[in-house]
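Participant: One structure is given below, represented as structure tokens, and several questions about it will come after.
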Amino acid sequence: MPLAAPLALAAGDVARGIGRLFARNDIWCLAEVPLRNGRRADLMGIDAKGLVVIVEIKVARADLLGDAKWPDYLDYCDRFFWGLPPGLDRTPLESEAYRPGTCGVIVADGYDAEILRPAALEPLAAARRKTQVEHLARVAMRRHMALLDPLATALDSHG
């Protein structure tokens, strides 16, 4: 599947393409999911086996090279991917600092995506996975309720 080289893709375009790839593979995800360590996963989802997937999206080389906190995500997922637009130089992701044996690479535009390197399975402890799945479900339900009744979120004491 060829992906067109972008002039400049926004993170939302990359997220949409990855979301479509994941949907075809029975992985359902949410964007901008807060984690208990204060970080925010660009995309976080659950596959058909109940495994947690996180994607960190980078659309600029400086952003990719300047993010020293990305390993903080690894404690919250079974698989971790980098999500990049087609034109972004991926060579830094081959260095040991980016753990190529662990982290997968997905290239995406606003229409579709392709996994260039699968993410290794680094299983979470069962209790941690249960906590993550419940957290993701509650975030999804809160967002869904806000769509059905925007005033309901005003009643939410957990924000």
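Residues are referred to by chain and number: the chain letter is A, B, ... according to the order shown in the structure tokens, the number counts from 1 in that chain, and ligands are numbered separately from 1 in the order shown.
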Could you write out, as a compact mmCIF listing (two decimals) with N, CA, C and O atoms, in the first residue's frame, all the residues of stretch 13-108 of chain A that DSSP marks as strand (DSSP E or B)?
Facilitator:
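Saved file selection_25.txt follows:
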```txt
# COMPACT_ATOMS: atom_id res chain seq x y z
N TRP A 28 -8.85 -1.18 18.99
CA TRP A 28 -9.65 0.03 19.14
C TRP A 28 -8.94 0.97 20.09
O TRP A 28 -8.46 0.57 21.15
N CYS A 29 -8.82 2.22 19.66
CA CYS A 29 -7.98 3.15 20.43
C CYS A 29 -8.65 4.50 20.64
O CYS A 29 -9.61 4.86 19.97
N LEU A 30 -8.09 5.21 21.59
CA LEU A 30 -8.46 6.59 21.90
C LEU A 30 -7.23 7.45 21.76
O LEU A 30 -6.10 7.00 22.00
N ALA A 31 -7.46 8.72 21.44
CA ALA A 31 -6.37 9.69 21.36
C ALA A 31 -6.25 10.43 22.69
O ALA A 31 -7.23 10.60 23.42
N GLU A 32 -5.03 10.86 22.98
CA GLU A 32 -4.75 11.73 24.12
C GLU A 32 -5.28 11.14 25.44
O GLU A 32 -6.12 11.73 26.12
N VAL A 33 -4.75 10.00 25.81
CA VAL A 33 -5.18 9.33 27.03
C VAL A 33 -4.19 9.65 28.16
O VAL A 33 -3.00 9.34 28.05
N PRO A 34 -4.68 10.26 29.23
CA PRO A 34 -3.80 10.56 30.36
C PRO A 34 -3.38 9.28 31.07
O PRO A 34 -4.18 8.37 31.25
N ARG A 40 0.80 11.69 28.75
CA ARG A 40 -0.41 11.53 27.95
C ARG A 40 -0.04 10.76 26.70
O ARG A 40 0.79 11.20 25.91
N ALA A 41 -0.67 9.59 26.51
CA ALA A 41 -0.41 8.76 25.33
C ALA A 41 -1.14 9.36 24.13
O ALA A 41 -2.33 9.67 24.21
N ASP A 42 -0.42 9.53 23.01
CA ASP A 42 -1.06 10.06 21.81
C ASP A 42 -2.19 9.16 21.35
O ASP A 42 -3.27 9.62 21.03
N LEU A 43 -1.94 7.86 21.30
CA LEU A 43 -2.97 6.86 21.02
C LEU A 43 -2.78 5.71 22.00
O LEU A 43 -1.65 5.28 22.23
N MET A 44 -3.87 5.23 22.54
CA MET A 44 -3.81 4.08 23.43
C MET A 44 -5.00 3.20 23.09
O MET A 44 -6.12 3.69 22.92
N GLY A 45 -4.75 1.91 22.95
CA GLY A 45 -5.82 1.02 22.56
C GLY A 45 -5.69 -0.36 23.14
O GLY A 45 -4.73 -0.68 23.85
N ILE A 46 -6.69 -1.17 22.81
CA ILE A 46 -6.76 -2.55 23.27
C ILE A 46 -6.99 -3.42 22.05
O ILE A 46 -7.88 -3.14 21.24
N VAL A 52 -2.68 -4.09 25.72
CA VAL A 52 -2.68 -2.64 25.64
C VAL A 52 -1.57 -2.18 24.69
O VAL A 52 -0.42 -2.61 24.80
N VAL A 53 -1.95 -1.29 23.78
CA VAL A 53 -1.04 -0.75 22.78
C VAL A 53 -0.97 0.77 22.96
O VAL A 53 -2.00 1.42 23.12
N ILE A 54 0.24 1.32 22.92
CA ILE A 54 0.43 2.77 22.93
C ILE A 54 1.22 3.16 21.69
O ILE A 54 2.18 2.48 21.31
N VAL A 55 0.80 4.28 21.07
CA VAL A 55 1.52 4.85 19.94
C VAL A 55 1.91 6.28 20.30
O VAL A 55 1.06 7.08 20.69
N GLU A 56 3.19 6.58 20.18
CA GLU A 56 3.71 7.93 20.35
C GLU A 56 3.91 8.51 18.95
O GLU A 56 4.68 7.96 18.16
N ILE A 57 3.22 9.59 18.64
CA ILE A 57 3.27 10.19 17.31
C ILE A 57 4.27 11.33 17.29
O ILE A 57 4.25 12.20 18.17
N ARG A 79 2.59 -3.36 24.11
CA ARG A 79 3.30 -3.07 22.85
C ARG A 79 3.36 -1.56 22.69
O ARG A 79 2.39 -0.86 22.96
N PHE A 80 4.51 -1.09 22.20
CA PHE A 80 4.72 0.34 21.99
C PHE A 80 5.17 0.58 20.55
O PHE A 80 6.07 -0.11 20.06
N PHE A 81 4.54 1.56 19.91
CA PHE A 81 4.89 1.94 18.54
C PHE A 81 5.21 3.42 18.46
O PHE A 81 4.64 4.23 19.19
N TRP A 82 6.09 3.74 17.54
CA TRP A 82 6.27 5.11 17.08
C TRP A 82 5.37 5.29 15.87
O TRP A 82 5.34 4.41 14.99
N GLY A 83 4.65 6.39 15.79
CA GLY A 83 3.83 6.71 14.63
C GLY A 83 4.39 7.94 13.95
O GLY A 83 4.54 8.98 14.59
N LEU A 84 4.73 7.80 12.67
CA LEU A 84 5.40 8.88 11.93
C LEU A 84 4.74 9.11 10.58
O LEU A 84 4.19 8.18 9.99
N GLY A 104 7.93 -0.73 17.96
CA GLY A 104 7.54 -0.84 16.58
C GLY A 104 7.50 0.52 15.90
O GLY A 104 7.57 1.56 16.56
N VAL A 105 7.37 0.50 14.57
CA VAL A 105 7.29 1.73 13.78
C VAL A 105 6.11 1.62 12.82
O VAL A 105 6.00 0.63 12.08
N ILE A 106 5.27 2.63 12.85
CA ILE A 106 4.14 2.73 11.93
C ILE A 106 4.29 4.03 11.15
O ILE A 106 4.54 5.08 11.75
N VAL A 107 4.13 3.97 9.85
CA VAL A 107 4.12 5.16 9.01
C VAL A 107 2.68 5.37 8.55
O VAL A 107 2.02 4.44 8.09
N ALA A 108 2.20 6.61 8.70
CA ALA A 108 0.79 6.89 8.40
C ALA A 108 0.61 8.27 7.81
O ALA A 108 1.37 9.20 8.10
```
Participant: Please list as a PDB file with N, CA, C and O atoms, in the first residue's frame every residue within 12 Å of A:Ala126, counting only C-alpha atoms and excluding residues in the same chain fewer than 3 positions away.
Facilitator:
```
ATOM      1  N   GLY A  50      -6.977  -8.319  24.450  1.00  0.00           N
ATOM      2  CA  GLY A  50      -6.955  -7.539  25.676  1.00  0.00           C
ATOM      3  C   GLY A  50      -5.609  -6.924  25.990  1.00  0.00           C
ATOM      4  O   GLY A  50      -5.394  -6.446  27.099  1.00  0.00           O
ATOM      5  N   LEU A  51      -4.700  -6.938  25.025  1.00  0.00           N
ATOM      6  CA  LEU A  51      -3.383  -6.340  25.231  1.00  0.00           C
ATOM      7  C   LEU A  51      -3.445  -4.837  24.958  1.00  0.00           C
ATOM      8  O   LEU A  51      -4.162  -4.383  24.066  1.00  0.00           O
ATOM      9  N   VAL A  52      -2.675  -4.092  25.723  1.00  0.00           N
ATOM     10  CA  VAL A  52      -2.678  -2.637  25.637  1.00  0.00           C
ATOM     11  C   VAL A  52      -1.568  -2.175  24.692  1.00  0.00           C
ATOM     12  O   VAL A  52      -0.423  -2.611  24.802  1.00  0.00           O
ATOM     13  N   TYR A  76       3.075   1.160  30.781  1.00  0.00           N
ATOM     14  CA  TYR A  76       1.622   1.229  30.660  1.00  0.00           C
ATOM     15  C   TYR A  76       1.082   0.474  29.451  1.00  0.00           C
ATOM     16  O   TYR A  76      -0.088   0.625  29.110  1.00  0.00           O
ATOM     17  N   CYS A  77       1.920  -0.317  28.778  1.00  0.00           N
ATOM     18  CA  CYS A  77       1.445  -1.022  27.584  1.00  0.00           C
ATOM     19  C   CYS A  77       2.192  -2.335  27.387  1.00  0.00           C
ATOM     20  O   CYS A  77       3.290  -2.528  27.907  1.00  0.00           O
ATOM     21  N   ASP A  78       1.545  -3.207  26.607  1.00  0.00           N
ATOM     22  CA  ASP A  78       2.163  -4.471  26.223  1.00  0.00           C
ATOM     23  C   ASP A  78       2.974  -4.322  24.935  1.00  0.00           C
ATOM     24  O   ASP A  78       3.898  -5.095  24.692  1.00  0.00           O
ATOM     25  N   PRO A 123       4.946  -8.122  27.936  1.00  0.00           N
ATOM     26  CA  PRO A 123       3.706  -8.242  28.705  1.00  0.00           C
ATOM     27  C   PRO A 123       3.716  -7.492  30.035  1.00  0.00           C
ATOM     28  O   PRO A 123       4.673  -7.584  30.808  1.00  0.00           O
ATOM     29  N   ARG A 129      -2.190  -4.628  33.741  1.00  0.00           N
ATOM     30  CA  ARG A 129      -3.008  -4.621  32.516  1.00  0.00           C
ATOM     31  C   ARG A 129      -4.473  -4.377  32.864  1.00  0.00           C
ATOM     32  O   ARG A 129      -5.155  -3.585  32.217  1.00  0.00           O
ATOM     33  N   LYS A 130      -4.971  -5.055  33.896  1.00  0.00           N
ATOM     34  CA  LYS A 130      -6.367  -4.866  34.321  1.00  0.00           C
ATOM     35  C   LYS A 130      -6.620  -3.401  34.662  1.00  0.00           C
ATOM     36  O   LYS A 130      -7.631  -2.822  34.240  1.00  0.00           O
ATOM     37  N   THR A 131      -5.722  -2.790  35.376  1.00  0.00           N
ATOM     38  CA  THR A 131      -5.860  -1.383  35.744  1.00  0.00           C
ATOM     39  C   THR A 131      -5.876  -0.499  34.500  1.00  0.00           C
ATOM     40  O   THR A 131      -6.692   0.423  34.392  1.00  0.00           O
ATOM     41  N   GLN A 132      -4.998  -0.796  33.551  1.00  0.00           N
ATOM     42  CA  GLN A 132      -4.927   0.011  32.328  1.00  0.00           C
ATOM     43  C   GLN A 132      -6.187  -0.137  31.485  1.00  0.00           C
ATOM     44  O   GLN A 132      -6.706   0.839  30.950  1.00  0.00           O
ATOM     45  N   VAL A 133      -6.675  -1.357  31.349  1.00  0.00           N
ATOM     46  CA  VAL A 133      -7.883  -1.588  30.556  1.00  0.00           C
ATOM     47  C   VAL A 133      -9.078  -0.886  31.210  1.00  0.00           C
ATOM     48  O   VAL A 133      -9.871  -0.237  30.521  1.00  0.00           O
TER      49      VAL A 133
END
```
Participant: Please, which residues of stretch 60-115 of chain A, numbered as in this document, come out alpha helix (DSSP H) from DSSP, as a list in words?
Facilitator: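 For stretch 60-115 of chain A, the alpha helix (DSSP H) set is Arg61, Ala62, Asp63, Leu64, Leu65 and Gly66 of chain A.
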Participant: Taking into account only C-alpha atoms, which residue in the set A:Asp72, A:Glu134, A:Asp26, A:Asp13 is nearest to A:Asp47?
Facilitator: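 Using only C-alpha atoms, A:Asp47 sits closest to A:Asp26.
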Participant: With a cut-off of 8 Å, could you pull out the residues of stretch 14-79 of chain A touching stretch 88-91 of chain A and give me the nearest pair of atoms for each, distance in Å to one decimal, using only C-alpha atoms, ordered by chain and ascending number, as JSON lines?
Facilitator:
```
{"residue": "A:Val59", "atom": "CA", "partner": "A:Leu88", "partner_atom": "CA", "distance": 6.9}
{"residue": "A:Ala60", "atom": "CA", "partner": "A:Leu88", "partner_atom": "CA", "distance": 6.9}
{"residue": "A:Arg61", "atom": "CA", "partner": "A:Leu88", "partner_atom": "CA", "distance": 6.8}
```
Participant: Tell me, in Å to one decimal, how far atom CA of A:Val139 is from atom CA of A:Leu151.
Facilitator: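 These atoms are spaced 16.4 Å apart.
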Participant: What separation in Å, quoted to one decimal, exists between atom CA of A:Glu114 and atom CA of A:Arg24?
Facilitator: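 Separation between atom CA of A:Glu114 and atom CA of A:Arg24: 11.6 Å.
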